[in-house]
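Chemist: For reference, the structure I am asking about is given below.
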Amino acid sequence: MILSTSRPYFAPFPGYFYQANLCDMFIILDTVQFPRGTTWISRNRFKNDQGTLWMTIPVWRKGLGLQRIDDVRICRQARQTLKHLHSLEQAYAHAPYFSEHLQFAQKLFSTAFDRLLDFNLAIIDHLMLNLGVDTEIRKLSELNIKTGGDHLLIEICRFFKASKYLAPAAAGRHLNADLFEKAGIELQYIKFPSLVYPQLWGDFIPDLSAFDLLFNCGPKAREILFSA
């Protein structure tokens with residue numbers, strides 16, 4: 001079995017789904033620490049007539065100290081999520097396939113999600129479905145694994161009897177390869193493809209949210225992503 005893990009990012013870039021598609025089991029690390037500073041778990045990039053469009057989901061932080069990702073709550077007082085829907089509608093109104101995802105976006109941003117995790121997982125599920133990625137997803141919180149640090153990924157692999165762990169090449173400096181070797185688990189690195197596809201609004205901007213790929217390319221998005 002090939003296994004991989006990732007945090008539950010907000011509207012992830014296409015490489016997230018490229019990684020998930022290459023493995024048999026994809027584990028969402030929902031119980032690890034939520035970063036103190038800026039993070040892809042609560043913000044990502046889209047595109048409008050001004051260029052890069054940043055979207056940040058407001059969350060409660062003040063006075064809460066260190067939080068696990070599955071404990072982070074969306075700050076509804078900011079009403080920012082409904083503004084994001086309006087921004088998407090303005091930015092992608094002329095995208096060929098935006099209308100096919102508009103109903104999902106309207107429901108997403110009008111639903112009173114409490115946890116950021118549930119909001120992000122709803123997006124990830126939608127993107128996986130529309131990119132044709134059928135890899136099984138499990139959350140770390142479901143596994144009752146108490147180990148942390150360098151041994152966490154090893155224990156996840158052991159839990160599922162995985163023989164290979166797939167990691168982004170950029171994660172190499174953070175992983176202890178000796179631990180994987182001692183555990184008899186093959187550690188393999190992948191490099192995400194550099195995609196180029198039709199976009200609105202001028203010069204191409206790489207590594208935007210996978211929504212940008214779907215809104216612009218629709219059914220061809222999967223072919224573009226996995227043939228790269």
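Every chain in the structure tokens takes a letter, A first, then B, and so on in the order presented; its residues are numbered from 1, and the ligands are numbered from 1 following the presented order.
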Skip range 191-194 of chain A itself and residues of its chain fewer than 4 positions away, then list as a list in words all residues within 10 Å of it, counting only C-alpha atoms.

Modeler: Pro14, Gly15, Tyr16, Phe17, Tyr18, Gln19, Ala167, Pro168, Ala169, Ala170, Pro206, Asp207, Leu225, Phe226, Ser227 and Ala228 of chain A

Chemist: Skip Ser110 in chain A itself and residues of its chain fewer than 2 positions away, then list as an MDAnalysis selection string all residues within 9 Å of it, counting only C-alpha atoms.

Modeler: chainID A and resid 81:82 85 105:108 112:113

Chemist: Could you give me, as a list of chain:residue names, the residues within 8 Å of Ile2 in chain A, counting only C-alpha atoms and dropping anything in the same chain fewer than 4 positions from it?

Modeler: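 Neighbouring residues, sequence-local ones excluded: A:Leu22, A:Cys23, A:Asp24, A:Met25, A:Ala162, A:Ser163, A:Lys164, A:Tyr165, A:Leu166.
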
Chemist: Which residues are near Asp212 in chain A? Cut-off 8 Å, only C-alpha atoms, ignore same chain within fewer than 6 positions. Put them as a list in words.

Modeler: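 The contact residues come out as Phe46, Lys47 and Gln199 of chain A.
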
Chemist: Write out the residues from the selection above, keeping all heavy atoms, as an mmCIF file, in the first residue's frame.

Modeler:
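The new file part_32.cif reads:
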```cif
data_model
loop_
_atom_site.group_PDB
_atom_site.id
_atom_site.type_symbol
_atom_site.label_atom_id
_atom_site.label_comp_id
_atom_site.auth_asym_id
_atom_site.auth_seq_id
_atom_site.Cartn_x
_atom_site.Cartn_y
_atom_site.Cartn_z
ATOM 1 N N PHE A 46 -6.304 33.025 -5.585
ATOM 2 C CA PHE A 46 -7.143 32.900 -6.766
ATOM 3 C C PHE A 46 -6.670 33.988 -7.747
ATOM 4 O O PHE A 46 -5.552 34.473 -7.619
ATOM 5 C CB PHE A 46 -8.619 33.066 -6.391
ATOM 6 C CG PHE A 46 -9.106 32.019 -5.418
ATOM 7 C CD1 PHE A 46 -8.828 32.123 -4.055
ATOM 8 C CD2 PHE A 46 -9.836 30.931 -5.855
ATOM 9 C CE1 PHE A 46 -9.268 31.152 -3.156
ATOM 10 C CE2 PHE A 46 -10.286 29.949 -4.966
ATOM 11 C CZ PHE A 46 -9.993 30.067 -3.611
ATOM 12 N N LYS A 47 -7.497 34.368 -8.705
ATOM 13 C CA LYS A 47 -7.054 35.352 -9.690
ATOM 14 C C LYS A 47 -8.215 36.223 -10.134
ATOM 15 O O LYS A 47 -9.313 35.721 -10.409
ATOM 16 C CB LYS A 47 -6.437 34.638 -10.907
ATOM 17 C CG LYS A 47 -5.745 35.574 -11.903
ATOM 18 C CD LYS A 47 -5.162 34.778 -13.074
ATOM 19 C CE LYS A 47 -4.451 35.676 -14.063
ATOM 20 N NZ LYS A 47 -3.958 34.946 -15.245
ATOM 21 N N GLN A 199 -6.154 30.680 -18.612
ATOM 22 C CA GLN A 199 -6.633 31.469 -17.483
ATOM 23 C C GLN A 199 -7.228 32.785 -17.973
ATOM 24 O O GLN A 199 -6.864 33.273 -19.040
ATOM 25 C CB GLN A 199 -5.491 31.804 -16.514
ATOM 26 C CG GLN A 199 -5.103 30.726 -15.543
ATOM 27 C CD GLN A 199 -4.005 31.210 -14.595
ATOM 28 O OE1 GLN A 199 -3.384 32.260 -14.802
ATOM 29 N NE2 GLN A 199 -3.749 30.439 -13.553
#
```

Chemist: Counting only C-alpha atoms, which residue out of A:Leu53, A:Cys157, A:Leu127, A:Cys75 sits closest to Leu140 in chain A?

Modeler: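 Nearest candidate to Leu140 in chain A out of A:Leu53, A:Cys157, A:Leu127, A:Cys75: A:Cys157.
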
Chemist: Determine the nearest neighbour of Arg222 in chain A from the options A:Gln188, A:Asn48, A:Asn21, A:Ser141, counting only C-alpha atoms.

Modeler: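 For Arg222 in chain A, the nearest of the candidates is A:Asn21.
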
Chemist: Among range 26-165 of chain A, which ones does DSSP place in strand (DSSP E or B), written as a list in words?

Modeler: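 Restricting range 26-165 of chain A to strand (DSSP E or B) produces Phe26, Ile27, Ile28, Gln33, Arg43, Asn44, Arg45, Phe46, Lys47, Asn48, Gly51, Thr52, Leu53, Trp54, Met55, Thr56, Val59, Arg68, Arg73, Ile74, Arg115, Glu136, Ile137, Arg138, Lys139, Lys164 and Tyr165 of chain A.
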
Chemist: Need to verify the contact set: Thr56 in chain A, 10 Å, only C-alpha atoms, exclusion of same-chain residues closer than 2 positions in sequence. Can you return it as a PyMOL selection string?

Modeler: chain A and resi 10+38-45+54+58-59+80-81+84

Chemist: Using DSSP secondary structure from the backbone, list all alpha helix (DSSP H) positions within range 54-144 of chain A, as a compact mmCIF listing (two decimals) with C-alpha atoms, in the first residue's frame.

Modeler:
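Ended up saving to part-v5.txt:
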```
# COMPACT_ATOMS: atom_id res chain seq x y z
CA GLN A 80 -15.69 37.61 5.43
CA THR A 81 -16.81 34.31 3.91
CA LEU A 82 -19.81 35.88 2.16
CA LYS A 83 -17.50 38.58 0.79
CA HIS A 84 -15.36 35.80 -0.64
CA LEU A 85 -18.34 34.45 -2.57
CA HIS A 86 -18.89 37.87 -4.10
CA SER A 87 -15.18 38.09 -4.98
CA LEU A 88 -15.31 34.70 -6.70
CA GLU A 89 -18.39 35.67 -8.67
CA GLN A 90 -16.71 38.86 -9.87
CA ALA A 91 -13.40 37.19 -10.69
CA TYR A 92 -14.74 34.12 -12.49
CA SER A 99 -21.44 28.21 -13.50
CA GLU A 100 -21.06 24.46 -12.96
CA HIS A 101 -19.59 25.09 -9.51
CA LEU A 102 -21.55 28.19 -8.54
CA GLN A 103 -24.25 26.30 -6.64
CA PHE A 104 -21.59 24.53 -4.57
CA ALA A 105 -19.85 27.84 -3.83
CA GLN A 106 -23.10 29.50 -2.81
CA LYS A 107 -23.97 26.65 -0.45
CA LEU A 108 -20.44 26.51 0.93
CA PHE A 109 -20.21 30.18 1.83
CA SER A 110 -23.78 30.40 3.15
CA LEU A 116 -12.38 25.43 9.78
CA LEU A 117 -11.63 21.71 9.31
CA ASP A 118 -15.18 20.91 8.18
CA PHE A 119 -15.23 23.90 5.83
CA ASN A 120 -11.92 22.85 4.22
CA LEU A 121 -12.89 19.18 3.96
CA ALA A 122 -16.10 20.12 2.13
CA ILE A 123 -13.96 21.93 -0.44
CA ILE A 124 -11.42 19.11 -0.70
CA ASP A 125 -14.20 16.55 -1.25
CA HIS A 126 -15.71 18.69 -4.03
CA LEU A 127 -12.36 19.18 -5.75
CA MET A 128 -11.45 15.49 -5.52
CA LEU A 129 -14.80 14.51 -7.00
CA ASN A 130 -14.48 16.92 -9.91
```

Chemist: One decimal, Å: what's the distance from CA of Ala11 in chain A over to CA of Ile28 in chain A, could you say?

Modeler: 14.0 Å

Chemist: CA of Leu195 in chain A to CA of Leu208 in chain A: how many Å, to one decimal?

Modeler: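 Atom-to-atom, CA of Leu195 in chain A and CA of Leu208 in chain A are spaced 10.3 Å apart.
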
Chemist: Quick one: pull the distance between CA of Pro198 in chain A and CA of Ser6 in chain A, Å, one decimal.

Modeler: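 Rounded to one decimal, the two atoms are 27.8 Å apart.
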
Chemist: Set the distance at 12 Å and use only C-alpha atoms: which residues neighbour Gly149 in chain A once local chain neighbours fewer than 6 positions away are removed? I'd like the list as a ChimeraX atom specification.

Modeler: /A:32-33,155-156,174-176,179

Chemist: Output the selection as an mmCIF file, in the first residue's frame - all heavy atoms for each residue.

Modeler:
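Result written to result_35.cif:
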```cif
data_model
loop_
_atom_site.group_PDB
_atom_site.id
_atom_site.type_symbol
_atom_site.label_atom_id
_atom_site.label_comp_id
_atom_site.auth_asym_id
_atom_site.auth_seq_id
_atom_site.Cartn_x
_atom_site.Cartn_y
_atom_site.Cartn_z
ATOM 1 N N VAL A 32 -2.792 17.822 14.259
ATOM 2 C CA VAL A 32 -1.504 18.477 14.478
ATOM 3 C C VAL A 32 -1.740 19.960 14.748
ATOM 4 O O VAL A 32 -2.854 20.478 14.586
ATOM 5 C CB VAL A 32 -0.560 18.287 13.271
ATOM 6 C CG1 VAL A 32 -0.308 16.807 13.031
ATOM 7 C CG2 VAL A 32 -1.123 18.942 12.017
ATOM 8 N N GLN A 33 -0.695 20.658 15.145
ATOM 9 C CA GLN A 33 -0.825 22.044 15.575
ATOM 10 C C GLN A 33 -1.159 22.981 14.417
ATOM 11 O O GLN A 33 -0.592 22.886 13.333
ATOM 12 C CB GLN A 33 0.462 22.505 16.242
ATOM 13 C CG GLN A 33 0.416 23.934 16.767
ATOM 14 C CD GLN A 33 1.731 24.352 17.402
ATOM 15 O OE1 GLN A 33 2.353 23.578 18.109
ATOM 16 N NE2 GLN A 33 2.161 25.578 17.130
ATOM 17 N N GLU A 155 4.054 5.613 12.442
ATOM 18 C CA GLU A 155 2.936 4.916 13.086
ATOM 19 C C GLU A 155 1.695 4.891 12.196
ATOM 20 O O GLU A 155 0.932 3.923 12.208
ATOM 21 C CB GLU A 155 2.613 5.557 14.441
ATOM 22 C CG GLU A 155 3.688 5.341 15.495
ATOM 23 C CD GLU A 155 3.990 3.862 15.688
ATOM 24 O OE1 GLU A 155 3.037 3.063 15.833
ATOM 25 O OE2 GLU A 155 5.187 3.501 15.675
ATOM 26 N N ILE A 156 1.491 5.950 11.437
ATOM 27 C CA ILE A 156 0.371 5.954 10.491
ATOM 28 C C ILE A 156 0.575 4.863 9.435
ATOM 29 O O ILE A 156 -0.352 4.120 9.106
ATOM 30 C CB ILE A 156 0.217 7.337 9.819
ATOM 31 C CG1 ILE A 156 -0.167 8.403 10.845
ATOM 32 C CG2 ILE A 156 -0.837 7.286 8.708
ATOM 33 C CD1 ILE A 156 -0.195 9.811 10.288
ATOM 34 N N HIS A 174 12.578 17.936 6.224
ATOM 35 C CA HIS A 174 11.900 17.794 7.514
ATOM 36 C C HIS A 174 11.725 16.339 7.940
ATOM 37 O O HIS A 174 11.331 16.066 9.078
ATOM 38 C CB HIS A 174 10.518 18.453 7.452
ATOM 39 C CG HIS A 174 10.548 19.903 7.049
ATOM 40 N ND1 HIS A 174 11.183 20.876 7.798
ATOM 41 C CD2 HIS A 174 10.028 20.545 5.966
ATOM 42 C CE1 HIS A 174 11.051 22.044 7.202
ATOM 43 N NE2 HIS A 174 10.355 21.875 6.091
ATOM 44 N N LEU A 175 11.985 15.400 7.053
ATOM 45 C CA LEU A 175 11.732 13.994 7.349
ATOM 46 C C LEU A 175 13.027 13.275 7.732
ATOM 47 O O LEU A 175 14.095 13.558 7.177
ATOM 48 C CB LEU A 175 11.104 13.302 6.133
ATOM 49 C CG LEU A 175 9.730 13.806 5.705
ATOM 50 C CD1 LEU A 175 9.261 13.047 4.454
ATOM 51 C CD2 LEU A 175 8.716 13.637 6.824
ATOM 52 N N ASN A 176 12.894 12.351 8.667
ATOM 53 C CA ASN A 176 14.020 11.527 9.099
ATOM 54 C C ASN A 176 14.002 10.229 8.291
ATOM 55 O O ASN A 176 13.277 9.293 8.625
ATOM 56 C CB ASN A 176 13.903 11.249 10.602
ATOM 57 C CG ASN A 176 15.133 10.557 11.160
ATOM 58 O OD1 ASN A 176 15.847 9.847 10.440
ATOM 59 N ND2 ASN A 176 15.393 10.753 12.444
ATOM 60 N N LEU A 179 14.477 6.751 10.020
ATOM 61 C CA LEU A 179 13.336 6.130 10.709
ATOM 62 C C LEU A 179 12.515 5.277 9.749
ATOM 63 O O LEU A 179 12.067 4.187 10.109
ATOM 64 C CB LEU A 179 12.453 7.201 11.346
ATOM 65 C CG LEU A 179 13.002 7.922 12.577
ATOM 66 C CD1 LEU A 179 12.004 8.965 13.074
ATOM 67 C CD2 LEU A 179 13.313 6.935 13.691
#
```

Chemist: Check the smallest atom-to-atom distance from each of A:Val196, A:Leu143, A:Ala171, A:Glu186 to Ala221 in chain A using only C-alpha atoms, then report the winner.

Modeler: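 Selected residue with least distance to Ala221 in chain A: A:Val196.
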